[in-house]
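Visitor: TSV, C-alpha atoms, file model_16.tsv:
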```tsv
chain	number	residue	atom	x	y	z
A	19	MET	CA	78.15	-31.66	-1.55
A	20	ASP	CA	75.20	-30.43	-3.61
A	21	ASN	CA	74.80	-32.02	-7.04
A	22	GLU	CA	74.22	-28.61	-8.61
A	23	ILE	CA	76.03	-25.49	-7.42
A	24	LYS	CA	75.45	-21.99	-8.74
A	25	ILE	CA	78.07	-19.37	-7.97
A	26	SER	CA	78.86	-15.82	-9.08
A	27	VAL	CA	82.49	-14.70	-9.09
A	28	ILE	CA	82.85	-10.93	-8.64
A	29	ILE	CA	86.20	-9.33	-9.44
A	30	PRO	CA	86.61	-5.59	-8.75
A	31	ALA	CA	89.35	-4.14	-10.93
A	32	TYR	CA	91.06	-0.82	-11.52
A	33	ASN	CA	93.90	-0.88	-14.06
A	34	PRO	CA	95.14	-4.33	-13.00
A	35	GLY	CA	97.49	-4.65	-15.98
A	36	LYS	CA	99.05	-8.07	-16.40
A	37	LYS	CA	98.23	-9.06	-12.81
A	38	ILE	CA	94.74	-10.07	-13.88
A	39	ILE	CA	96.24	-12.66	-16.24
A	40	HIS	CA	97.64	-14.59	-13.26
A	41	CYS	CA	94.38	-14.08	-11.36
A	42	LEU	CA	92.14	-15.42	-14.14
A	43	ASN	CA	94.44	-18.30	-15.07
A	44	ALA	CA	94.30	-19.58	-11.49
A	45	LEU	CA	90.54	-18.92	-11.31
A	46	GLY	CA	89.97	-20.87	-14.54
A	47	LYS	CA	91.81	-23.90	-13.14
A	48	ASN	CA	89.74	-23.70	-9.95
A	49	LEU	CA	86.42	-23.57	-11.78
A	50	GLU	CA	87.44	-26.50	-13.98
A	51	TYR	CA	88.50	-28.54	-10.94
A	52	PHE	CA	85.31	-27.69	-9.05
A	53	SER	CA	83.13	-28.69	-12.02
A	54	LYS	CA	84.54	-32.25	-11.88
A	55	SER	CA	82.84	-32.92	-8.53
A	56	CYS	CA	79.43	-31.37	-9.24
A	57	LYS	CA	77.31	-29.67	-11.84
A	58	LEU	CA	78.81	-26.20	-11.56
A	59	ILE	CA	76.88	-23.27	-12.98
A	60	HIS	CA	78.87	-20.08	-12.73
A	61	GLU	CA	79.38	-16.56	-14.00
A	62	VAL	CA	82.45	-14.33	-13.69
A	63	LEU	CA	81.80	-10.59	-13.45
A	64	ILE	CA	84.75	-8.22	-13.76
A	65	ILE	CA	83.62	-4.80	-12.55
A	66	ASN	CA	85.95	-2.18	-14.02
A	67	ASP	CA	86.04	0.82	-11.67
A	68	ALA	CA	86.38	3.45	-14.44
A	69	GLY	CA	89.86	2.28	-15.35
A	70	ASP	CA	91.40	1.49	-18.73
A	71	GLU	CA	89.89	-1.25	-20.86
A	72	ILE	CA	90.84	-4.69	-19.55
A	73	ASN	CA	92.14	-7.13	-22.15
A	74	LEU	CA	90.57	-10.56	-21.65
A	75	ASN	CA	91.79	-12.00	-24.96
A	76	PHE	CA	94.00	-14.74	-23.55
A	77	ASP	CA	93.47	-18.39	-22.72
A	78	HIS	CA	92.11	-18.21	-19.17
A	79	GLY	CA	89.77	-21.15	-19.74
A	80	ILE	CA	86.74	-19.42	-18.20
A	81	ARG	CA	83.29	-19.61	-19.71
A	82	ASN	CA	80.56	-17.10	-18.91
A	83	ILE	CA	82.88	-14.19	-18.23
A	84	ARG	CA	81.99	-10.57	-18.86
A	85	SER	CA	83.35	-7.15	-18.00
A	86	VAL	CA	81.22	-4.23	-16.82
A	87	ARG	CA	82.79	-0.76	-16.78
A	88	ILE	CA	81.39	2.08	-14.69
A	89	ARG	CA	81.92	5.69	-15.75
A	90	LYS	CA	83.23	7.18	-12.50
A	91	ASN	CA	85.75	5.72	-10.08
A	92	ARG	CA	83.80	4.91	-6.92
A	93	GLY	CA	86.05	2.59	-4.89
A	94	VAL	CA	86.12	-1.11	-4.22
A	95	GLY	CA	83.16	-1.17	-1.82
A	96	TYR	CA	80.85	0.39	-4.39
A	97	VAL	CA	82.15	-1.96	-7.08
A	98	ARG	CA	81.56	-5.05	-4.97
A	99	GLN	CA	78.06	-3.88	-4.13
A	100	LEU	CA	77.30	-3.24	-7.80
A	101	GLY	CA	78.62	-6.68	-8.71
A	102	THR	CA	76.48	-8.21	-6.00
A	103	ARG	CA	73.37	-6.40	-7.25
A	104	ILE	CA	73.75	-7.54	-10.88
A	105	SER	CA	74.94	-11.09	-10.09
A	106	LYS	CA	72.63	-14.02	-10.81
A	107	TYR	CA	73.38	-16.51	-8.05
A	108	ASN	CA	73.14	-16.66	-4.26
A	109	TYR	CA	76.66	-17.96	-3.61
A	110	ILE	CA	79.22	-15.27	-4.32
A	111	PHE	CA	82.98	-15.62	-4.52
A	112	TYR	CA	84.74	-12.26	-4.20
A	113	LEU	CA	88.20	-12.16	-5.73
A	114	ASP	CA	90.49	-9.16	-6.19
A	115	SER	CA	92.13	-8.81	-9.60
A	116	ASP	CA	95.68	-9.17	-8.20
A	117	VAL	CA	94.94	-12.23	-6.06
A	118	VAL	CA	96.24	-15.58	-7.29
A	119	LEU	CA	94.80	-18.81	-5.87
A	120	GLU	CA	97.73	-21.10	-5.13
A	121	ASN	CA	95.84	-24.41	-5.44
A	122	GLU	CA	93.38	-25.55	-8.09
A	123	ASN	CA	91.00	-26.83	-5.39
A	124	SER	CA	90.80	-23.56	-3.42
A	125	ILE	CA	87.21	-22.63	-4.32
A	126	LYS	CA	86.02	-26.20	-3.75
A	127	ILE	CA	87.62	-26.24	-0.29
A	128	LEU	CA	86.16	-22.84	0.60
A	129	PHE	CA	82.69	-23.91	-0.50
A	130	GLU	CA	82.90	-27.16	1.46
A	131	GLU	CA	84.05	-25.29	4.56
A	132	PHE	CA	81.28	-22.74	4.08
A	133	LYS	CA	78.70	-25.53	4.06
A	134	ASN	CA	80.27	-27.58	6.87
A	135	TYR	CA	80.54	-24.91	9.56
A	136	LYS	CA	77.56	-23.38	11.34
A	137	ASN	CA	76.61	-19.71	11.13
A	138	VAL	CA	79.22	-18.86	8.50
A	139	GLY	CA	78.94	-15.27	7.28
A	140	SER	CA	82.14	-15.33	5.23
A	141	ILE	CA	85.09	-17.64	4.73
A	142	GLY	CA	88.39	-17.05	2.98
A	143	PRO	CA	91.86	-18.61	2.71
A	144	VAL	CA	95.02	-17.64	4.54
A	145	GLN	CA	97.75	-15.77	2.66
A	146	ASN	CA	100.73	-17.62	1.29
A	147	TYR	CA	104.12	-16.19	2.27
A	148	LYS	CA	105.07	-16.10	-1.41
A	149	ASN	CA	105.33	-12.57	-2.82
A	150	LEU	CA	104.77	-12.06	-6.55
A	151	ASN	CA	106.22	-8.54	-6.45
A	152	ASP	CA	110.02	-8.40	-6.72
A	153	GLU	CA	110.36	-4.75	-5.60
A	154	PHE	CA	112.97	-4.31	-2.89
A	155	THR	CA	110.76	-3.41	0.09
A	156	SER	CA	107.67	-5.42	-0.83
A	157	ASP	CA	108.86	-8.48	1.12
A	158	PHE	CA	108.45	-6.44	4.31
A	159	VAL	CA	104.86	-5.63	3.32
A	160	SER	CA	104.25	-9.30	2.54
A	161	ALA	CA	105.64	-10.32	5.93
A	162	LYS	CA	103.61	-7.71	7.80
A	163	THR	CA	100.44	-8.75	5.97
A	164	CYS	CA	100.92	-12.51	6.43
A	165	TYR	CA	102.13	-12.37	10.03
A	166	GLY	CA	99.79	-13.67	12.71
A	167	PHE	CA	98.52	-16.98	11.35
A	168	GLU	CA	101.64	-19.14	11.48
A	169	ASP	CA	100.69	-20.73	14.82
A	170	ALA	CA	96.92	-20.59	14.35
A	171	GLN	CA	94.66	-23.62	14.16
A	172	GLU	CA	93.39	-24.96	10.83
A	173	ILE	CA	90.28	-22.80	10.99
A	174	VAL	CA	90.47	-19.28	12.45
A	175	GLU	CA	87.54	-17.22	13.67
A	176	PHE	CA	88.29	-13.67	12.55
A	177	SER	CA	86.96	-10.21	13.41
A	178	GLY	CA	87.09	-8.83	9.87
A	179	MET	CA	86.27	-10.66	6.68
A	180	ARG	CA	88.63	-11.64	3.86
A	181	SER	CA	87.18	-9.18	1.34
A	182	GLU	CA	89.80	-9.82	-1.35
A	183	CYS	CA	89.09	-13.56	-1.47
A	184	CYS	CA	86.04	-15.08	0.21
A	185	ILE	CA	82.69	-16.81	-0.21
A	186	MET	CA	79.43	-15.30	1.05
A	187	GLU	CA	75.71	-15.71	0.51
A	188	LYS	CA	74.03	-12.90	-1.39
A	189	ASN	CA	70.73	-13.22	0.49
A	190	PHE	CA	72.42	-12.83	3.87
A	191	LEU	CA	74.62	-9.98	2.65
A	192	ASN	CA	71.60	-8.09	1.33
A	193	SER	CA	69.70	-8.72	4.57
A	194	ILE	CA	72.38	-6.87	6.60
A	195	GLY	CA	72.72	-3.93	4.21
A	196	GLY	CA	75.37	-5.02	1.71
A	197	TRP	CA	78.74	-3.37	1.18
A	198	LYS	CA	79.44	0.15	2.47
A	199	PHE	CA	81.64	2.51	0.52
A	200	PHE	CA	84.86	4.05	1.85
A	201	PRO	CA	87.15	6.42	-0.06
A	202	SER	CA	90.82	5.87	-0.90
A	203	ALA	CA	92.21	2.80	0.88
A	204	GLY	CA	88.92	1.28	1.96
A	205	GLY	CA	88.25	-0.50	5.23
A	206	GLU	CA	85.06	-2.26	4.14
A	207	GLU	CA	86.28	-5.63	5.31
A	208	PHE	CA	86.30	-4.52	8.96
A	209	GLU	CA	83.00	-2.67	8.86
A	210	LEU	CA	81.23	-5.53	7.09
A	211	GLY	CA	82.99	-8.14	9.20
A	212	HIS	CA	81.69	-6.51	12.37
A	213	ARG	CA	78.17	-6.32	10.94
A	214	ILE	CA	78.32	-10.02	10.08
A	215	ILE	CA	79.19	-10.82	13.70
A	216	ALA	CA	76.55	-8.39	15.04
A	217	ASN	CA	73.97	-10.29	12.99
A	218	GLY	CA	74.78	-13.66	14.55
A	219	LYS	CA	77.24	-15.11	12.04
A	220	LYS	CA	81.00	-15.58	11.94
A	221	ASN	CA	83.97	-14.80	9.71
A	222	TYR	CA	86.38	-17.66	9.16
A	223	ILE	CA	89.82	-18.06	7.63
A	224	THR	CA	90.90	-21.57	6.70
A	225	LYS	CA	94.48	-22.79	6.44
A	226	LYS	CA	93.45	-25.67	4.16
A	227	THR	CA	94.13	-23.47	1.15
A	228	ASN	CA	95.82	-20.15	0.43
A	229	TYR	CA	96.45	-17.38	-2.05
A	230	THR	CA	99.25	-15.03	-2.94
A	231	THR	CA	99.40	-11.59	-4.50
A	232	PHE	CA	101.59	-8.73	-5.69
A	233	TYR	CA	102.30	-6.99	-2.39
A	234	ASP	CA	102.90	-3.22	-2.42
A	235	ASN	CA	106.29	-1.69	-1.83
A	236	LEU	CA	106.77	0.04	1.52
A	237	TYR	CA	106.08	3.54	0.20
A	238	ALA	CA	102.76	2.55	-1.39
A	239	ARG	CA	101.70	0.62	1.72
A	240	CYS	CA	102.47	3.59	4.00
A	241	LYS	CA	100.26	5.85	1.88
A	242	THR	CA	97.50	3.26	2.05
A	243	ILE	CA	97.82	2.94	5.82
A	244	VAL	CA	97.47	6.69	6.36
A	245	PHE	CA	94.05	6.72	4.68
A	246	ARG	CA	93.14	3.28	5.98
A	247	THR	CA	93.74	4.36	9.59
A	248	SER	CA	91.73	7.56	9.18
A	249	THR	CA	88.86	5.52	7.75
A	250	TYR	CA	89.14	2.82	10.40
A	251	LEU	CA	89.12	5.21	13.38
A	252	PRO	CA	85.32	5.71	13.52
A	253	ILE	CA	84.86	1.94	13.03
A	254	PHE	CA	87.10	1.32	16.06
A	255	ILE	CA	85.30	3.96	18.16
A	256	HIS	CA	81.98	2.33	17.35
A	257	ARG	CA	83.26	-1.21	18.03
A	258	LYS	CA	85.41	-0.27	21.06
A	259	LYS	CA	87.58	-3.30	20.44
A	260	PHE	CA	90.78	-4.13	18.55
A	261	GLU	CA	90.91	-6.65	15.70
A	262	THR	CA	91.99	-10.26	16.09
A	263	LYS	CA	95.59	-11.34	15.54
A	264	GLY	CA	96.62	-11.23	11.90
A	265	ALA	CA	94.46	-8.19	11.11
A	266	PHE	CA	95.45	-4.60	10.44
A	267	ALA	CA	94.44	-2.99	13.75
A	268	THR	CA	95.55	-5.26	16.59
A	269	PHE	CA	96.34	-4.16	20.13
A	270	SER	CA	100.06	-4.93	19.68
A	271	GLN	CA	100.20	-2.85	16.48
A	272	ALA	CA	98.45	0.07	18.20
A	273	LEU	CA	100.82	-0.22	21.19
A	274	SER	CA	103.85	-0.24	18.89
A	275	ALA	CA	102.57	2.89	17.12
A	276	LEU	CA	101.89	4.60	20.47
A	277	ILE	CA	105.42	3.94	21.71
A	278	THR	CA	106.80	5.24	18.41
A	279	ALA	CA	104.72	8.40	18.88
A	280	LEU	CA	106.06	8.86	22.42
A	281	THR	CA	109.60	8.37	21.10
A	282	LEU	CA	109.07	11.07	18.48
A	283	VAL	CA	107.56	13.53	20.97
A	284	LEU	CA	110.37	12.95	23.45
A	285	PHE	CA	112.96	13.41	20.68
A	286	LEU	CA	111.42	16.76	19.71
A	287	LEU	CA	111.34	17.86	23.36
A	288	SER	CA	114.72	16.37	24.29
A	289	ASN	CA	116.20	19.80	25.15
A	290	PHE	CA	113.53	20.28	27.79
A	291	VAL	CA	113.46	16.78	29.34
A	292	ASP	CA	116.10	15.43	31.69
A	293	ASN	CA	117.62	12.05	30.78
A	294	SER	CA	115.71	12.11	27.47
A	295	LYS	CA	118.33	9.96	25.68
A	296	ILE	CA	117.96	7.16	28.22
A	297	ILE	CA	114.15	7.27	27.99
A	298	ILE	CA	114.30	7.27	24.17
A	299	PHE	CA	116.60	4.23	24.27
A	300	ILE	CA	114.15	2.45	26.60
A	301	LEU	CA	111.21	3.26	24.30
A	302	ILE	CA	113.09	1.95	21.24
A	303	PHE	CA	113.90	-1.21	23.18
A	304	LEU	CA	110.21	-1.63	24.14
A	305	ASN	CA	109.25	-1.20	20.48
A	306	LEU	CA	111.62	-3.99	19.49
A	307	VAL	CA	110.26	-6.24	22.25
A	308	ILE	CA	106.70	-5.72	20.99
A	309	GLU	CA	107.76	-6.40	17.39
A	310	LEU	CA	110.16	-9.23	18.24
A	311	ASN	CA	107.87	-12.07	17.16
A	312	PHE	CA	107.21	-10.31	13.84
A	313	ILE	CA	110.95	-9.81	13.28
A	314	LYS	CA	111.54	-13.51	13.96
A	315	PHE	CA	108.75	-14.36	11.52
A	316	ALA	CA	110.19	-12.08	8.80
A	317	ILE	CA	113.69	-13.52	9.18
A	318	LYS	CA	112.37	-17.09	9.13
A	319	TYR	CA	110.17	-16.83	6.03
A	320	TYR	CA	111.80	-13.99	4.09
A	321	LYS	CA	115.33	-12.81	3.31
A	322	LYS	CA	117.50	-12.54	6.44
A	323	GLU	CA	119.75	-9.94	4.80
A	324	ASN	CA	116.80	-7.51	4.67
A	325	LEU	CA	116.69	-7.15	8.47
A	326	ALA	CA	117.45	-3.42	8.23
A	327	ILE	CA	114.44	-2.99	5.94
A	328	TYR	CA	112.22	-4.87	8.39
A	329	LEU	CA	113.31	-2.57	11.23
A	330	LEU	CA	112.89	0.54	9.08
A	331	GLY	CA	109.52	-0.73	7.90
A	332	ILE	CA	108.23	-1.12	11.46
A	333	TYR	CA	108.79	2.57	12.14
A	334	ALA	CA	107.50	3.61	8.71
A	335	ILE	CA	104.24	1.74	9.34
A	336	ASN	CA	103.93	3.23	12.82
A	337	PHE	CA	104.48	6.78	11.56
A	338	SER	CA	101.81	6.15	8.91
A	339	ILE	CA	99.39	4.96	11.59
A	340	MET	CA	100.14	8.12	13.62
A	341	PHE	CA	99.45	10.43	10.68
A	342	GLY	CA	96.35	8.44	9.79
A	343	ALA	CA	95.04	8.69	13.36
A	344	LEU	CA	95.55	12.46	13.35
A	345	LEU	CA	93.78	12.71	9.99
A	346	GLY	CA	90.95	10.55	11.32
A	347	ILE	CA	90.56	12.70	14.44
A	348	PHE	CA	90.49	15.84	12.28
A	349	ARG	CA	87.78	14.30	10.08
A	350	LEU	CA	85.72	13.27	13.10
A	351	PHE	CA	85.81	16.77	14.61
A	352	SER	CA	85.11	18.36	11.21
A	353	LEU	CA	82.11	16.07	10.74
A	354	LYS	CA	80.89	16.84	14.27
A	355	LYS	CA	81.15	20.57	13.64
A	356	LEU	CA	79.29	20.17	10.35
A	357	LYS	CA	76.46	18.31	12.10
A	358	ILE	CA	76.24	21.04	14.79
A	359	TYR	CA	76.17	23.72	12.08
A	360	LEU	CA	73.42	21.94	10.13
A	361	ASN	CA	71.36	21.37	13.27
A	362	ASN	CA	71.64	25.04	14.27
A	363	LYS	CA	70.72	26.09	10.74
A	364	ASN	CA	67.64	23.82	10.74
A	365	GLU	CA	66.53	25.18	14.13
A	366	LYS	CA	66.58	28.70	12.74
```
Kindly transcribe the structure held in the file into structure tokens.
Guide:
Amino acid sequence: MDNEIKISVIIPAYNPGKKIIHCLNALGKNLEYFSKSCKLIHEVLIINDAGDEINLNFDHGIRNIRSVRIRKNRGVGYVRQLGTRISKYNYIFYLDSDVVLENENSIKILFEEFKNYKNVGSIGPVQNYKNLNDEFTSDFVSAKTCYGFEDAQEIVEFSGMRSECCIMEKNFLNSIGGWKFFPSAGGEEFELGHRIIANGKKNYITKKTNYTTFYDNLYARCKTIVFRTSTYLPIFIHRKKFETKGAFATFSQALSALITALTLVLFLLSNFVDNSKIIIFILIFLNLVIELNFIKFAIKYYKKENLAIYLLGIYAINFSIMFGALLGIFRLFSLKKLKIYLNNKNEK
């Protein structure tokens, strides 16, 4: 490892409340641990996305920390890009304000992995199954988010990048155009992850360390997925390929949502379709077959008595994907019409 390491930590934040206390306490321990093995020069930039003032007056143990507040809420992609632009050092560690590093050596491990592997564009940790939110339905969201890596190898090559917790190089990021900005629920990690791959580098997730967070409840996650799907749709059309296992937009997730959509359509048209009840039963059975491995995962690592919530959550997520896809299609056609209108206007 290098004798002297310079790293900028960029934390986008919007009204994080007390969650940032856990985030910074864990970050402080990591920076202290890392500094024992090298001469560590660092800065921590908290970019406040036009939220309330963030109280940093507690013993987080971090030197060289400052908060920058922007006047208008612009979204996490804009905030990360701003943080990147004003940061001092080439190595950047992105960390969301509700993410808590589980081990004090997480950043050290990520940096070592970044240096050891070839053509690394980004590298982040895997999620821990631990959920810091005690709301009733948030365990389902935790399970759905963490599912997909339990049988993976120690290092996973990923299609997206771990935007909420990862290490990148500023020079490379700037050379490929930096962060793009998406409204509402984002989607930057997929768009940027694909650009990283298109420019000859790779996104990795390592199982040598992990993080946890305050997972949303089911209602909040469904709202996020509606906007996330509508944002992701043009990314998918451009890429023409589903995400790798463990990501948001996998083939199995899309297939599950499609079967749910067919089930809904058939239910609405049941008076006009012969043997509709039998077909609906078959479609529900197929949905359960597709989701069976996830259900097993949720029962194994989370509360078994919440099985009904897991089953309900599967359909809630699928309905959200359906609505998001319809919204995305509407946006695409609206944008296409706008381009045609502007072109016709310019020709006149």
Visitor: Taking into account only C-alpha atoms, which residue in the set A:Lys36, A:Thr268, A:Lys90, A:Lys314 is nearest to Asn75 (chain A)?
Guide: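 Under the stated criterion, the closest residue is A:Lys36.
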Visitor: In terms of the shortest atom-to-atom distance over only C-alpha atoms, which of A:Leu236, A:Glu153, A:Val117, A:Ile185 is closest to Ile25 (chain A)?
Guide: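 Smallest separation from Ile25 (chain A) among the options: A:Ile185.
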Visitor: Per residue of region 217-246 of chain A within 7 Å of region 125-142 of chain A, note the shortest atom pair and the distance in Å to one decimal, counting only C-alpha atoms, and order the rows by chain and increasing residue number, as a tab-separated table.
Guide:
```
residue	atom	partner	partner_atom	distance
A:Lys219	CA	A:Asn137	CA	4.7
A:Lys220	CA	A:Val138	CA	5.1
A:Asn221	CA	A:Ser140	CA	4.9
A:Tyr222	CA	A:Ile141	CA	4.6
A:Ile223	CA	A:Gly142	CA	5.0
A:Thr224	CA	A:Gly142	CA	6.4
```
Visitor: Near Ile332 (chain A), counting all atoms listed in the file, which residues have an atom at most 9 Å away, once you skip same-chain residues fewer than 6 positions from it, shown as a list of chain:residue names?
Guide: A:Phe158, A:Lys162, A:Ser274, A:Ala275, A:Glu309
Visitor: Do a neighbour search on region 38-50 of chain A at 7 Å with only C-alpha atoms, toss out local chain neighbours closer than 2 positions, and write the hits as number ranges by chain.
Guide: A: 34-36, 52-54, 78-80, 115-119, 122-125
Visitor: Could you state the separation of CA of Tyr109 (chain A) and CA of Val97 (chain A) in Å, given to one decimal place?
Guide: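 That distance, rounded to one decimal, is 17.3 Å.
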Visitor: Please identify all polymer residues within 10 Å of Ala334 (chain A), counting all atoms listed in the file, omitting same-chain residues fewer than 3 positions from it, and present them as a PyMOL selection string.
Guide: chain A and resi 236-237+239-240+275+278+327-331+337-340
Visitor: Just C-alpha atoms for this one: save the residues we selected as a tab-separated table (two decimals), in the frame of the given file.
Guide:
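Dumped to result.tsv:
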```tsv
chain	number	residue	atom	x	y	z
A	236	LEU	CA	106.77	0.04	1.52
A	237	TYR	CA	106.08	3.54	0.20
A	239	ARG	CA	101.70	0.62	1.72
A	240	CYS	CA	102.47	3.59	4.00
A	275	ALA	CA	102.57	2.89	17.12
A	278	THR	CA	106.80	5.24	18.41
A	327	ILE	CA	114.44	-2.99	5.94
A	328	TYR	CA	112.22	-4.87	8.39
A	329	LEU	CA	113.31	-2.57	11.23
A	330	LEU	CA	112.89	0.54	9.08
A	331	GLY	CA	109.52	-0.73	7.90
A	337	PHE	CA	104.48	6.78	11.56
A	338	SER	CA	101.81	6.15	8.91
A	339	ILE	CA	99.39	4.96	11.59
A	340	MET	CA	100.14	8.12	13.62
```
Visitor: So what do you get for CA of Asn311 (chain A) versus CA of Thr155 (chain A), distance-wise?
Guide: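 These two atoms are separated by 19.4 Å.
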Visitor: Write out as a PyMOL selection string the residues lying within 6 Å of Phe269 (chain A), counting only C-alpha atoms and excluding same-chain residues fewer than 2 positions away.
Guide: chain A and resi 260+271-272
Visitor: Give me, please, the distance in Å between CA of Gly346 (chain A) and CA of Gly95 (chain A), quoted to one decimal.
Guide: 19.3 Å
Visitor: Here's a test: counting all atoms listed in the file, identify every protein, DNA and RNA residue with an atom at most 8 Å from (111.9, 13.0, 28.4) in the file's coordinate frame, and state them as an mmCIF file with C-alpha atoms, in the frame of the given file.
Guide:
```
data_model
loop_
_atom_site.group_PDB
_atom_site.id
_atom_site.type_symbol
_atom_site.label_atom_id
_atom_site.label_comp_id
_atom_site.auth_asym_id
_atom_site.auth_seq_id
_atom_site.Cartn_x
_atom_site.Cartn_y
_atom_site.Cartn_z
ATOM 1 C CA LEU A 284 110.370 12.950 23.450
ATOM 2 C CA PHE A 285 112.960 13.410 20.680
ATOM 3 C CA LEU A 287 111.340 17.860 23.360
ATOM 4 C CA SER A 288 114.720 16.370 24.290
ATOM 5 C CA PHE A 290 113.530 20.280 27.790
ATOM 6 C CA VAL A 291 113.460 16.780 29.340
ATOM 7 C CA ASP A 292 116.100 15.430 31.690
ATOM 8 C CA ASN A 293 117.620 12.050 30.780
ATOM 9 C CA SER A 294 115.710 12.110 27.470
ATOM 10 C CA LYS A 295 118.330 9.960 25.680
ATOM 11 C CA ILE A 297 114.150 7.270 27.990
ATOM 12 C CA ILE A 298 114.300 7.270 24.170
#
```
Visitor: Ranking A:Asn305, A:Ser160, A:Asn108, A:Thr262 by minimum distance to Val174 (chain A) and counting only C-alpha atoms, which one comes first?
Guide: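 Among the listed residues, the smallest separation from Val174 (chain A) belongs to A:Thr262.
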Visitor: Excluding Tyr320 (chain A) and its own-chain neighbours fewer than 6 positions away, which residues fall within 9 Å of it when counting all atoms listed in the file? Please give them as a list in words.
Guide: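 Contacts, in chain order: Tyr147, Lys148, Asp157, Phe158 and Ala161 of chain A.
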Visitor: Point out the residue among A:Arg87, A:Val62, A:Ile253, A:Ile214 with the least atom-to-atom distance to Asn192 (chain A), counting all atoms listed in the file.
Guide: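 Closest candidate: A:Ile214.
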Visitor: For Ser177 (chain A), which residue out of A:Ile335, A:Leu74, A:Phe254, A:Gly211 is the nearest one, using only C-alpha atoms?
Guide: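 The closest residue to Ser177 (chain A) is A:Gly211.
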Visitor: Pick out the closest residue to Asn324 (chain A) from this set: A:Phe208, A:Tyr112, A:Phe299, A:Phe154. Count all atoms listed in the file.
Guide: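 Closest to Asn324 (chain A) of all the choices is A:Phe154.
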